[in-house]
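Below is run38.cif, which holds mmCIF, C-alpha atoms.
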```cif
data_run
loop_
_atom_site.group_PDB
_atom_site.id
_atom_site.type_symbol
_atom_site.label_atom_id
_atom_site.label_comp_id
_atom_site.auth_asym_id
_atom_site.auth_seq_id
_atom_site.Cartn_x
_atom_site.Cartn_y
_atom_site.Cartn_z
ATOM 1 C CA MET Z 1 39.654 80.064 -109.030
ATOM 2 C CA LEU Z 2 40.629 81.650 -112.343
ATOM 3 C CA LEU Z 3 38.266 83.076 -114.939
ATOM 4 C CA GLN Z 4 40.356 83.787 -118.001
ATOM 5 C CA THR Z 5 38.703 86.056 -120.571
ATOM 6 C CA ARG Z 6 39.842 88.347 -123.343
ATOM 7 C CA LEU Z 7 39.897 91.146 -120.764
ATOM 8 C CA THR Z 8 42.331 89.369 -118.468
ATOM 9 C CA GLU Z 9 44.564 88.512 -121.418
ATOM 10 C CA VAL Z 10 44.635 91.983 -122.988
ATOM 11 C CA LEU Z 11 45.042 93.923 -119.728
ATOM 12 C CA ASP Z 12 47.281 91.271 -118.143
ATOM 13 C CA ILE Z 13 45.183 90.928 -115.003
ATOM 14 C CA LYS Z 14 44.187 87.844 -113.069
ATOM 15 C CA HIS Z 15 40.438 88.395 -112.724
ATOM 16 C CA PRO Z 16 37.866 90.053 -115.044
ATOM 17 C CA VAL Z 17 36.775 92.529 -112.352
ATOM 18 C CA VAL Z 18 37.260 96.283 -112.742
ATOM 19 C CA LEU Z 19 36.661 98.923 -110.082
ATOM 20 C CA ALA Z 20 34.339 101.697 -111.239
ATOM 21 C CA PRO Z 21 36.146 105.064 -111.070
ATOM 22 C CA MET Z 22 33.780 106.521 -108.474
ATOM 23 C CA ASP Z 23 34.478 110.208 -107.841
ATOM 24 C CA TYR Z 24 36.763 110.472 -104.753
ATOM 25 C CA VAL Z 25 35.498 107.112 -103.420
ATOM 26 C CA SER Z 26 37.829 105.223 -105.758
ATOM 27 C CA ASP Z 27 41.035 106.698 -104.411
ATOM 28 C CA ALA Z 28 44.555 105.255 -104.394
ATOM 29 C CA SER Z 29 43.829 102.893 -101.507
ATOM 30 C CA LEU Z 30 40.796 101.287 -103.111
ATOM 31 C CA ALA Z 31 42.269 101.177 -106.618
ATOM 32 C CA ALA Z 32 45.470 99.595 -105.339
ATOM 33 C CA ALA Z 33 43.532 97.039 -103.291
ATOM 34 C CA VAL Z 34 41.478 95.908 -106.302
ATOM 35 C CA SER Z 35 44.529 95.715 -108.556
ATOM 36 C CA GLY Z 36 46.463 93.932 -105.830
ATOM 37 C CA ALA Z 37 43.717 91.318 -105.669
ATOM 38 C CA GLY Z 38 44.087 90.599 -109.368
ATOM 39 C CA GLY Z 39 41.455 92.920 -110.790
ATOM 40 C CA LEU Z 40 41.897 96.392 -112.228
ATOM 41 C CA GLY Z 41 41.510 99.388 -109.948
ATOM 42 C CA LEU Z 42 40.528 102.703 -111.519
ATOM 43 C CA ILE Z 43 41.183 105.973 -109.701
ATOM 44 C CA GLY Z 44 38.140 108.242 -109.928
ATOM 45 C CA GLY Z 45 39.276 111.474 -111.561
ATOM 46 C CA GLY Z 46 35.691 112.717 -111.383
ATOM 47 C CA TYR Z 47 35.014 116.402 -111.818
ATOM 48 C CA GLY Z 48 38.687 117.299 -111.929
ATOM 49 C CA ASP Z 49 40.874 118.030 -108.911
ATOM 50 C CA ARG Z 50 44.467 118.410 -110.096
ATOM 51 C CA GLN Z 51 46.235 118.127 -106.748
ATOM 52 C CA TRP Z 52 44.026 115.255 -105.565
ATOM 53 C CA LEU Z 53 44.773 113.345 -108.770
ATOM 54 C CA ILE Z 54 48.525 113.870 -108.417
ATOM 55 C CA ASP Z 55 48.395 112.801 -104.775
ATOM 56 C CA GLN Z 56 46.549 109.591 -105.650
ATOM 57 C CA PHE Z 57 49.021 108.597 -108.340
ATOM 58 C CA ASP Z 58 51.880 109.350 -105.950
ATOM 59 C CA ARG Z 59 50.429 106.795 -103.520
ATOM 60 C CA VAL Z 60 50.374 103.857 -105.949
ATOM 61 C CA GLU Z 61 52.482 102.149 -108.554
ATOM 62 C CA PRO Z 62 50.834 103.984 -111.475
ATOM 63 C CA GLU Z 63 51.292 101.189 -113.982
ATOM 64 C CA THR Z 64 49.162 98.855 -111.831
ATOM 65 C CA VAL Z 65 46.009 101.011 -111.873
ATOM 66 C CA GLY Z 66 43.938 102.995 -114.331
ATOM 67 C CA CYS Z 67 42.106 106.309 -114.132
ATOM 68 C CA GLY Z 68 38.614 107.454 -115.056
ATOM 69 C CA PHE Z 69 37.314 110.868 -116.038
ATOM 70 C CA ILE Z 70 33.938 112.514 -116.580
ATOM 71 C CA THR Z 71 34.454 113.573 -120.181
ATOM 72 C CA TRP Z 72 32.527 116.849 -120.133
ATOM 73 C CA ALA Z 73 34.407 117.894 -116.980
ATOM 74 C CA LEU Z 74 37.732 116.859 -118.523
ATOM 75 C CA GLY Z 75 36.976 119.280 -121.328
ATOM 76 C CA LYS Z 76 37.389 122.113 -118.806
ATOM 77 C CA GLU Z 77 40.755 120.788 -117.571
ATOM 78 C CA PRO Z 78 42.229 118.659 -120.383
ATOM 79 C CA GLU Z 79 45.654 118.756 -118.768
ATOM 80 C CA LEU Z 80 44.403 116.229 -116.220
ATOM 81 C CA LEU Z 81 44.530 113.581 -118.914
ATOM 82 C CA ASP Z 82 48.177 114.464 -119.509
ATOM 83 C CA ILE Z 83 48.894 114.050 -115.797
ATOM 84 C CA ALA Z 84 47.364 110.583 -115.885
ATOM 85 C CA LEU Z 85 49.021 109.496 -119.124
ATOM 86 C CA GLU Z 86 52.449 110.596 -117.910
ATOM 87 C CA ARG Z 87 52.114 107.940 -115.190
ATOM 88 C CA LYS Z 88 51.644 105.165 -117.778
ATOM 89 C CA PRO Z 89 48.411 103.829 -116.233
ATOM 90 C CA LYS Z 90 46.978 100.449 -117.102
ATOM 91 C CA ALA Z 91 43.882 102.023 -118.715
ATOM 92 C CA ILE Z 92 41.955 105.260 -119.179
ATOM 93 C CA PHE Z 93 38.189 105.230 -118.679
ATOM 94 C CA LEU Z 94 36.002 107.995 -120.153
ATOM 95 C CA SER Z 95 32.327 108.550 -119.340
ATOM 96 C CA PHE Z 96 29.354 110.790 -120.089
ATOM 97 C CA GLY Z 97 30.334 112.693 -123.179
ATOM 98 C CA ASP Z 98 32.260 112.871 -126.420
ATOM 99 C CA ALA Z 99 35.499 110.930 -126.134
ATOM 100 C CA SER Z 100 36.705 111.843 -129.620
ATOM 101 C CA PRO Z 101 38.980 114.767 -128.559
ATOM 102 C CA TYR Z 102 41.029 112.385 -126.399
ATOM 103 C CA VAL Z 103 41.230 109.144 -128.375
ATOM 104 C CA ALA Z 104 44.363 109.990 -130.359
ATOM 105 C CA LYS Z 105 46.263 111.185 -127.290
ATOM 106 C CA VAL Z 106 45.427 108.044 -125.310
ATOM 107 C CA ARG Z 107 46.260 105.813 -128.275
ATOM 108 C CA ASP Z 108 49.591 107.601 -128.874
ATOM 109 C CA ALA Z 109 50.465 106.978 -125.217
ATOM 110 C CA GLY Z 110 49.915 103.273 -125.739
ATOM 111 C CA VAL Z 111 47.279 103.103 -123.006
ATOM 112 C CA PRO Z 112 44.063 101.064 -123.466
ATOM 113 C CA LEU Z 113 40.942 103.248 -123.646
ATOM 114 C CA ILE Z 114 37.606 102.158 -122.166
ATOM 115 C CA CYS Z 115 34.492 104.198 -122.948
ATOM 116 C CA GLN Z 116 31.274 103.965 -120.980
ATOM 117 C CA VAL Z 117 28.064 103.716 -123.006
ATOM 118 C CA HIS Z 118 24.413 103.633 -121.998
ATOM 119 C CA ASN Z 119 22.650 102.648 -125.202
ATOM 120 C CA VAL Z 120 23.391 101.081 -128.568
ATOM 121 C CA GLU Z 121 23.839 104.386 -130.388
ATOM 122 C CA GLN Z 122 26.519 105.496 -127.934
ATOM 123 C CA ALA Z 123 28.182 102.096 -128.344
ATOM 124 C CA ARG Z 124 28.159 102.456 -132.125
ATOM 125 C CA LYS Z 125 29.775 105.896 -131.964
ATOM 126 C CA ALA Z 126 32.448 104.703 -129.542
ATOM 127 C CA LEU Z 127 33.274 101.741 -131.769
ATOM 128 C CA GLU Z 128 33.686 104.104 -134.716
ATOM 129 C CA LEU Z 129 36.360 105.898 -132.679
ATOM 130 C CA GLY Z 130 38.291 102.661 -132.384
ATOM 131 C CA VAL Z 131 38.331 102.446 -128.591
ATOM 132 C CA ASP Z 132 39.756 99.331 -126.969
ATOM 133 C CA ALA Z 133 36.790 98.501 -124.746
ATOM 134 C CA LEU Z 134 33.221 99.507 -123.998
ATOM 135 C CA SER Z 135 31.545 99.485 -120.615
ATOM 136 C CA ALA Z 136 27.814 99.018 -121.152
ATOM 137 C CA GLN Z 137 26.012 100.479 -118.147
ATOM 138 C CA GLY Z 138 22.428 99.680 -117.293
ATOM 139 C CA ALA Z 139 20.064 101.890 -115.324
ATOM 140 C CA GLU Z 140 20.560 99.718 -112.216
ATOM 141 C CA ALA Z 141 23.957 101.292 -111.623
ATOM 142 C CA GLY Z 142 24.652 103.855 -108.943
ATOM 143 C CA GLY Z 143 25.620 107.338 -109.997
ATOM 144 C CA HIS Z 144 24.946 108.951 -113.332
ATOM 145 C CA GLY Z 145 23.626 107.491 -116.547
ATOM 146 C CA LEU Z 146 20.838 107.837 -119.058
ATOM 147 C CA GLY Z 147 18.713 105.440 -117.037
ATOM 148 C CA THR Z 148 16.933 104.109 -120.112
ATOM 149 C CA ARG Z 149 18.261 100.552 -120.537
ATOM 150 C CA SER Z 150 18.736 97.604 -118.212
ATOM 151 C CA THR Z 151 22.054 95.789 -117.956
ATOM 152 C CA PHE Z 152 20.421 92.445 -118.734
ATOM 153 C CA THR Z 153 19.283 93.564 -122.194
ATOM 154 C CA LEU Z 154 21.887 96.192 -123.070
ATOM 155 C CA VAL Z 155 24.955 93.993 -122.621
ATOM 156 C CA PRO Z 156 24.019 91.248 -125.108
ATOM 157 C CA GLU Z 157 22.852 93.804 -127.662
ATOM 158 C CA VAL Z 158 26.181 95.642 -127.436
ATOM 159 C CA ALA Z 159 27.994 92.285 -127.512
ATOM 160 C CA ASP Z 160 26.240 91.484 -130.802
ATOM 161 C CA LEU Z 161 27.145 94.899 -132.190
ATOM 162 C CA ILE Z 162 30.790 94.384 -131.276
ATOM 163 C CA SER Z 163 30.809 90.920 -132.814
ATOM 164 C CA ALA Z 164 29.399 92.263 -136.076
ATOM 165 C CA THR Z 165 31.441 95.450 -136.422
ATOM 166 C CA ALA Z 166 34.559 95.466 -134.207
ATOM 167 C CA PRO Z 167 35.194 91.979 -132.838
ATOM 168 C CA GLU Z 168 38.512 92.864 -131.186
ATOM 169 C CA THR Z 169 36.809 95.357 -128.867
ATOM 170 C CA LEU Z 170 36.386 94.250 -125.271
ATOM 171 C CA LEU Z 171 33.122 94.569 -123.354
ATOM 172 C CA LEU Z 172 32.485 95.239 -119.683
ATOM 173 C CA ALA Z 173 29.046 94.922 -118.094
ATOM 174 C CA ALA Z 174 28.138 97.584 -115.536
ATOM 175 C CA GLY Z 175 25.117 98.062 -113.319
ATOM 176 C CA GLY Z 176 23.739 95.587 -110.800
ATOM 177 C CA VAL Z 177 26.886 93.481 -110.409
ATOM 178 C CA GLY Z 178 27.611 92.857 -106.743
ATOM 179 C CA ASP Z 179 28.606 89.221 -106.398
ATOM 180 C CA GLY Z 180 29.522 86.095 -108.337
ATOM 181 C CA ARG Z 181 26.013 85.725 -109.688
ATOM 182 C CA GLY Z 182 26.320 89.073 -111.428
ATOM 183 C CA LEU Z 183 29.768 88.278 -112.792
ATOM 184 C CA ALA Z 184 28.615 84.889 -114.101
ATOM 185 C CA ALA Z 185 25.552 86.476 -115.701
ATOM 186 C CA ALA Z 186 27.649 89.168 -117.360
ATOM 187 C CA LEU Z 187 30.006 86.617 -118.892
ATOM 188 C CA ALA Z 188 27.059 84.530 -120.055
ATOM 189 C CA LEU Z 189 25.560 87.605 -121.726
ATOM 190 C CA GLY Z 190 28.700 88.130 -123.775
ATOM 191 C CA ALA Z 191 30.788 90.482 -121.644
ATOM 192 C CA ASP Z 192 34.520 89.966 -121.103
ATOM 193 C CA GLY Z 193 34.346 91.264 -117.546
ATOM 194 C CA VAL Z 194 32.477 93.541 -115.175
ATOM 195 C CA LEU Z 195 32.720 97.090 -113.874
ATOM 196 C CA VAL Z 196 31.779 97.166 -110.186
ATOM 197 C CA GLY Z 197 30.939 100.248 -108.134
ATOM 198 C CA THR Z 198 28.531 99.815 -105.230
ATOM 199 C CA ARG Z 199 30.007 96.518 -103.971
ATOM 200 C CA PHE Z 200 33.439 98.199 -103.745
ATOM 201 C CA TYR Z 201 31.812 101.263 -102.179
ATOM 202 C CA ALA Z 202 31.059 98.909 -99.292
ATOM 203 C CA THR Z 203 34.670 97.949 -98.582
ATOM 204 C CA HIS Z 204 37.197 98.898 -95.935
ATOM 205 C CA GLU Z 205 39.421 100.725 -98.413
ATOM 206 C CA ALA Z 206 36.706 102.929 -99.944
ATOM 207 C CA ALA Z 207 36.939 106.596 -99.044
ATOM 208 C CA ILE Z 208 33.592 106.455 -97.261
ATOM 209 C CA SER Z 209 32.667 107.096 -93.639
ATOM 210 C CA ARG Z 210 31.449 104.406 -91.260
ATOM 211 C CA LYS Z 211 28.101 106.207 -91.016
ATOM 212 C CA ALA Z 212 27.719 106.105 -94.785
ATOM 213 C CA HIS Z 213 28.508 102.404 -94.789
ATOM 214 C CA ALA Z 214 26.028 101.726 -92.000
ATOM 215 C CA THR Z 215 23.323 103.631 -93.850
ATOM 216 C CA ALA Z 216 23.976 101.717 -97.065
ATOM 217 C CA LEU Z 217 23.833 98.348 -95.300
ATOM 218 C CA ARG Z 218 20.306 99.104 -94.094
ATOM 219 C CA ALA Z 219 19.061 99.867 -97.605
ATOM 220 C CA SER Z 220 17.496 97.741 -100.310
ATOM 221 C CA GLY Z 221 17.442 98.359 -104.028
ATOM 222 C CA ASP Z 222 13.901 99.675 -103.596
ATOM 223 C CA ASP Z 223 15.337 102.567 -101.582
ATOM 224 C CA THR Z 224 17.256 104.002 -104.539
ATOM 225 C CA VAL Z 225 15.975 106.466 -107.084
ATOM 226 C CA ARG Z 226 17.264 108.274 -110.166
ATOM 227 C CA SER Z 227 17.260 111.994 -109.480
ATOM 228 C CA SER Z 228 18.979 115.291 -110.286
ATOM 229 C CA VAL Z 229 18.416 117.045 -106.960
ATOM 230 C CA TYR Z 230 21.991 116.610 -105.795
ATOM 231 C CA ASP Z 231 23.330 117.920 -109.089
ATOM 232 C CA LEU Z 232 21.328 121.067 -108.489
ATOM 233 C CA VAL Z 233 22.340 121.543 -104.874
ATOM 234 C CA ARG Z 234 26.011 120.855 -105.653
ATOM 235 C CA GLU Z 235 25.840 123.013 -108.807
ATOM 236 C CA LYS Z 236 27.255 120.278 -111.019
ATOM 237 C CA ALA Z 237 26.531 121.104 -114.645
ATOM 238 C CA TRP Z 238 25.361 117.685 -115.780
ATOM 239 C CA PRO Z 239 23.814 117.406 -119.253
ATOM 240 C CA LYS Z 240 20.058 117.278 -118.745
ATOM 241 C CA GLU Z 241 19.706 113.755 -120.146
ATOM 242 C CA TYR Z 242 21.751 112.296 -117.283
ATOM 243 C CA SER Z 243 20.387 111.581 -113.825
ATOM 244 C CA GLY Z 244 22.085 109.928 -110.881
ATOM 245 C CA ARG Z 245 20.941 106.908 -108.863
ATOM 246 C CA VAL Z 246 21.110 107.759 -105.171
ATOM 247 C CA LEU Z 247 19.690 106.507 -101.915
ATOM 248 C CA ARG Z 248 16.300 108.026 -101.206
ATOM 249 C CA ASN Z 249 16.258 110.071 -97.983
ATOM 250 C CA ASP Z 250 14.383 113.048 -96.522
ATOM 251 C CA PHE Z 251 16.139 115.522 -98.821
ATOM 252 C CA VAL Z 252 15.417 113.492 -101.946
ATOM 253 C CA SER Z 253 11.815 112.876 -100.899
ATOM 254 C CA ARG Z 254 11.327 116.611 -100.354
ATOM 255 C CA TRP Z 255 12.810 117.798 -103.643
ATOM 256 C CA HIS Z 256 12.630 114.984 -106.193
ATOM 257 C CA GLY Z 257 10.091 116.107 -108.792
ATOM 258 C CA GLN Z 258 10.251 119.632 -107.377
ATOM 259 C CA GLU Z 259 13.474 120.699 -109.054
ATOM 260 C CA PRO Z 260 12.167 124.148 -110.177
ATOM 261 C CA ALA Z 261 11.219 124.942 -106.586
ATOM 262 C CA LEU Z 262 14.604 123.721 -105.378
ATOM 263 C CA SER Z 263 16.318 126.043 -107.849
ATOM 264 C CA GLN Z 264 14.363 128.969 -106.440
ATOM 265 C CA THR Z 265 15.499 128.284 -102.880
ATOM 266 C CA LEU Z 266 18.953 126.983 -103.752
ATOM 267 C CA GLY Z 267 20.948 129.078 -101.296
ATOM 268 C CA GLY Z 268 19.144 127.787 -98.233
ATOM 269 C CA ALA Z 269 19.114 124.222 -99.519
ATOM 270 C CA GLN Z 270 22.846 124.371 -100.122
ATOM 271 C CA GLU Z 271 23.516 125.505 -96.568
ATOM 272 C CA THR Z 272 21.416 122.638 -95.253
ATOM 273 C CA PHE Z 273 23.153 120.170 -97.548
ATOM 274 C CA LYS Z 274 26.679 121.328 -96.699
ATOM 275 C CA ALA Z 275 25.957 121.142 -92.982
ATOM 276 C CA ALA Z 276 24.611 117.618 -93.420
ATOM 277 C CA VAL Z 277 27.739 116.546 -95.308
ATOM 278 C CA ASP Z 278 29.932 117.954 -92.550
ATOM 279 C CA ASN Z 279 27.864 116.183 -89.882
ATOM 280 C CA GLN Z 280 27.499 112.943 -91.859
ATOM 281 C CA ASP Z 281 23.728 113.291 -91.693
ATOM 282 C CA TYR Z 282 22.543 110.978 -94.442
ATOM 283 C CA THR Z 283 18.911 111.920 -94.050
ATOM 284 C CA ILE Z 284 20.056 114.924 -96.120
ATOM 285 C CA ALA Z 285 23.565 114.244 -97.470
ATOM 286 C CA ASN Z 286 23.869 112.137 -100.610
ATOM 287 C CA LEU Z 287 24.711 108.451 -100.805
ATOM 288 C CA ILE Z 288 25.413 107.418 -104.397
ATOM 289 C CA VAL Z 289 24.658 103.705 -104.661
ATOM 290 C CA GLY Z 290 23.057 101.361 -107.165
ATOM 291 C CA GLU Z 291 20.195 98.905 -106.862
ATOM 292 C CA VAL Z 292 22.642 96.151 -105.944
ATOM 293 C CA VAL Z 293 23.025 97.794 -102.514
ATOM 294 C CA GLY Z 294 20.207 95.512 -101.356
ATOM 295 C CA GLN Z 295 22.469 92.490 -101.873
ATOM 296 C CA ILE Z 296 25.237 93.812 -99.631
ATOM 297 C CA ASN Z 297 25.184 92.726 -96.005
ATOM 298 C CA GLU Z 298 28.686 93.484 -94.749
ATOM 299 C CA ILE Z 299 31.705 95.689 -95.258
ATOM 300 C CA LEU Z 300 34.640 93.596 -96.488
ATOM 301 C CA PRO Z 301 38.213 94.143 -97.654
ATOM 302 C CA ALA Z 302 38.260 94.791 -101.396
ATOM 303 C CA ALA Z 303 40.454 91.754 -101.994
ATOM 304 C CA GLU Z 304 37.888 89.512 -100.325
ATOM 305 C CA VAL Z 305 35.151 90.948 -102.524
ATOM 306 C CA VAL Z 306 37.163 90.108 -105.639
ATOM 307 C CA GLU Z 307 37.998 86.613 -104.417
ATOM 308 C CA GLN Z 308 34.422 85.773 -103.415
ATOM 309 C CA MET Z 309 32.998 87.174 -106.641
ATOM 310 C CA VAL Z 310 35.325 85.180 -108.866
ATOM 311 C CA LYS Z 311 34.982 81.974 -106.838
ATOM 312 C CA GLU Z 312 31.181 82.070 -106.881
ATOM 313 C CA ALA Z 313 31.055 82.960 -110.568
ATOM 314 C CA GLY Z 314 33.363 80.091 -111.440
ATOM 315 C CA GLN Z 315 31.283 77.626 -109.472
ATOM 316 C CA ARG Z 316 28.074 78.762 -111.162
ATOM 317 C CA LEU Z 317 29.540 78.723 -114.645
ATOM 318 C CA MET Z 318 30.888 75.212 -114.164
ATOM 319 C CA ALA Z 319 27.723 73.837 -112.565
#
```
Same coordinates, now as structure tokens:
Amino acid sequence: MLLQTRLTEVLDIKHPVVLAPMDYVSDASLAAAVSGAGGLGLIGGGYGDRQWLIDQFDRVEPETVGCGFITWALGKEPELLDIALERKPKAIFLSFGDASPYVAKVRDAGVPLICQVHNVEQARKALELGVDALSAQGAEAGGHGLGTRSTFTLVPEVADLISATAPETLLLAAGGVGDGRGLAAALALGADGVLVGTRFYATHEAAISRKAHATALRASGDDTVRSSVYDLVREKAWPKEYSGRVLRNDFVSRWHGQEPALSQTLGGAQETFKAAVDNQDYTIANLIVGEVVGQINEILPAAEVVEQMVKEAGQRLMA
């Protein structure tokens, strides 16, 4: 089954499915598996780990994958973008901040630039920068975002904006896409493809432990919540407007809504958290997943996820 869109044509890929650049989870193995299946794998540059990033690129054919960065973190280590661009990746993906300092450098390198947006105003600003593609992320998504718009309404509104102001710009839909139904819906809403995180989190190649996978498989979308407690305990300096969707557990239930109290007892909470991470105790350690986790019933190879998603989407779109 082939679903040819503007995204597949411009990026020269087989399927309109892009791996979200999840911090550490989207490593060389997962990115290569998604690209090898005909999608586009993005290495998760995350908060910025120079040696890790170099190691990941050394494990793949760099021109077959892309790389994503948290923009405000990249501002602290801008040389990481140079490391990525030197490898001639298939795309650069920037999230959660002002992309303007990096647009010219990415453009001069001849690499397509995708910017993540969470509302129409962010989309408008990104289009003014002349980026190649937008990824419109709804609040359903795992990980960080503004959490103010749903994918189902944000994507068509951004699609209309693109059509009216920058029709050559590509559009990805992100948030709540876990199978062919989500891909078909995204294309019907005006997207050229999808950005998928949680479904690829639950694959053999993801850099996730078996215990984490087992915990995720038991969860439903109702078990997730947007919270900042893990940003506090990990001392990640996220802008205050961003929260992260995580799986609710004992730690989240204890501290969500009690962030000032958590800040006052941070040292002890950090010791508890670090021990839980080491012991893979997910009653305390964080699991960053989106609402679509409730649709996932098994851990599969990434290639099988891509194939099933595209096949089901094609069947639904042709029905």
Nearby residues (all atoms listed in the file) at most 10 Å from range 75-91 of chain Z, same-chain spacing under 5 positions excluded, as number ranges by chain: Z: 11-13, 40-43, 45, 47-51, 53-54, 57-58, 61-70, 97-99, 101-102, 105-106, 108-114, 132-133
Could the residues in this selection be saved with C-alpha atoms as an mmCIF file, in the frame of the given file?
```cif
data_model
loop_
_atom_site.group_PDB
_atom_site.id
_atom_site.type_symbol
_atom_site.label_atom_id
_atom_site.label_comp_id
_atom_site.auth_asym_id
_atom_site.auth_seq_id
_atom_site.Cartn_x
_atom_site.Cartn_y
_atom_site.Cartn_z
ATOM 1 C CA LEU Z 11 45.042 93.923 -119.728
ATOM 2 C CA ASP Z 12 47.281 91.271 -118.143
ATOM 3 C CA ILE Z 13 45.183 90.928 -115.003
ATOM 4 C CA LEU Z 40 41.897 96.392 -112.228
ATOM 5 C CA GLY Z 41 41.510 99.388 -109.948
ATOM 6 C CA LEU Z 42 40.528 102.703 -111.519
ATOM 7 C CA ILE Z 43 41.183 105.973 -109.701
ATOM 8 C CA GLY Z 45 39.276 111.474 -111.561
ATOM 9 C CA TYR Z 47 35.014 116.402 -111.818
ATOM 10 C CA GLY Z 48 38.687 117.299 -111.929
ATOM 11 C CA ASP Z 49 40.874 118.030 -108.911
ATOM 12 C CA ARG Z 50 44.467 118.410 -110.096
ATOM 13 C CA GLN Z 51 46.235 118.127 -106.748
ATOM 14 C CA LEU Z 53 44.773 113.345 -108.770
ATOM 15 C CA ILE Z 54 48.525 113.870 -108.417
ATOM 16 C CA PHE Z 57 49.021 108.597 -108.340
ATOM 17 C CA ASP Z 58 51.880 109.350 -105.950
ATOM 18 C CA GLU Z 61 52.482 102.149 -108.554
ATOM 19 C CA PRO Z 62 50.834 103.984 -111.475
ATOM 20 C CA GLU Z 63 51.292 101.189 -113.982
ATOM 21 C CA THR Z 64 49.162 98.855 -111.831
ATOM 22 C CA VAL Z 65 46.009 101.011 -111.873
ATOM 23 C CA GLY Z 66 43.938 102.995 -114.331
ATOM 24 C CA CYS Z 67 42.106 106.309 -114.132
ATOM 25 C CA GLY Z 68 38.614 107.454 -115.056
ATOM 26 C CA PHE Z 69 37.314 110.868 -116.038
ATOM 27 C CA ILE Z 70 33.938 112.514 -116.580
ATOM 28 C CA GLY Z 97 30.334 112.693 -123.179
ATOM 29 C CA ASP Z 98 32.260 112.871 -126.420
ATOM 30 C CA ALA Z 99 35.499 110.930 -126.134
ATOM 31 C CA PRO Z 101 38.980 114.767 -128.559
ATOM 32 C CA TYR Z 102 41.029 112.385 -126.399
ATOM 33 C CA LYS Z 105 46.263 111.185 -127.290
ATOM 34 C CA VAL Z 106 45.427 108.044 -125.310
ATOM 35 C CA ASP Z 108 49.591 107.601 -128.874
ATOM 36 C CA ALA Z 109 50.465 106.978 -125.217
ATOM 37 C CA GLY Z 110 49.915 103.273 -125.739
ATOM 38 C CA VAL Z 111 47.279 103.103 -123.006
ATOM 39 C CA PRO Z 112 44.063 101.064 -123.466
ATOM 40 C CA LEU Z 113 40.942 103.248 -123.646
ATOM 41 C CA ILE Z 114 37.606 102.158 -122.166
ATOM 42 C CA ASP Z 132 39.756 99.331 -126.969
ATOM 43 C CA ALA Z 133 36.790 98.501 -124.746
#
```
Of the listed residues Z:Arg248, Z:Arg199, Z:Lys240, Z:Arg107, that which approaches Leu129 in chain Z most closely, counting all atoms listed in the file: Z:Arg107
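The smallest atom-to-atom distance between Gly290 in chain Z and any of Z:Gly44, Z:Gly257, Z:Gly176, Z:Gly145, using all atoms listed in the file, is found for Z:Gly176.
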Among the residues Z:Leu3, Z:Phe200, Z:Ala32, Z:Pro239, the one that comes closest to Ala73 in chain Z [using only C-alpha atoms]: Z:Pro239
Residues matched by the PyMOL selection byres ((chain Z and resi 203) around 9) as a PyMOL selection string: chain Z and resi 30+199-202+204-208+213+298-302+305
Atomic separation - CA of His144 in chain Z relative to CA of His256 in chain Z, Å: 15.5 Å
Separation of CA of Ala303 in chain Z from CA of Ser150 in chain Z, in Å and rounded to one decimal: 27.7 Å
Selection near Arg254 in chain Z, 12 Å with only C-alpha atoms, sequence-local residues under 3 positions removed, as a VMD selection string: chain Z and resid 227 229 to 230 248 to 251 257 to 259 261 to 262 269 283 to 284
Nearest residue to Thr272 in chain Z from the set Z:Leu154, Z:Leu189, Z:Glu291, Z:Arg234 (distances using only C-alpha atoms):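 Looking at the shortest contact to Thr272 in chain Z, the residue is Z:Arg234.
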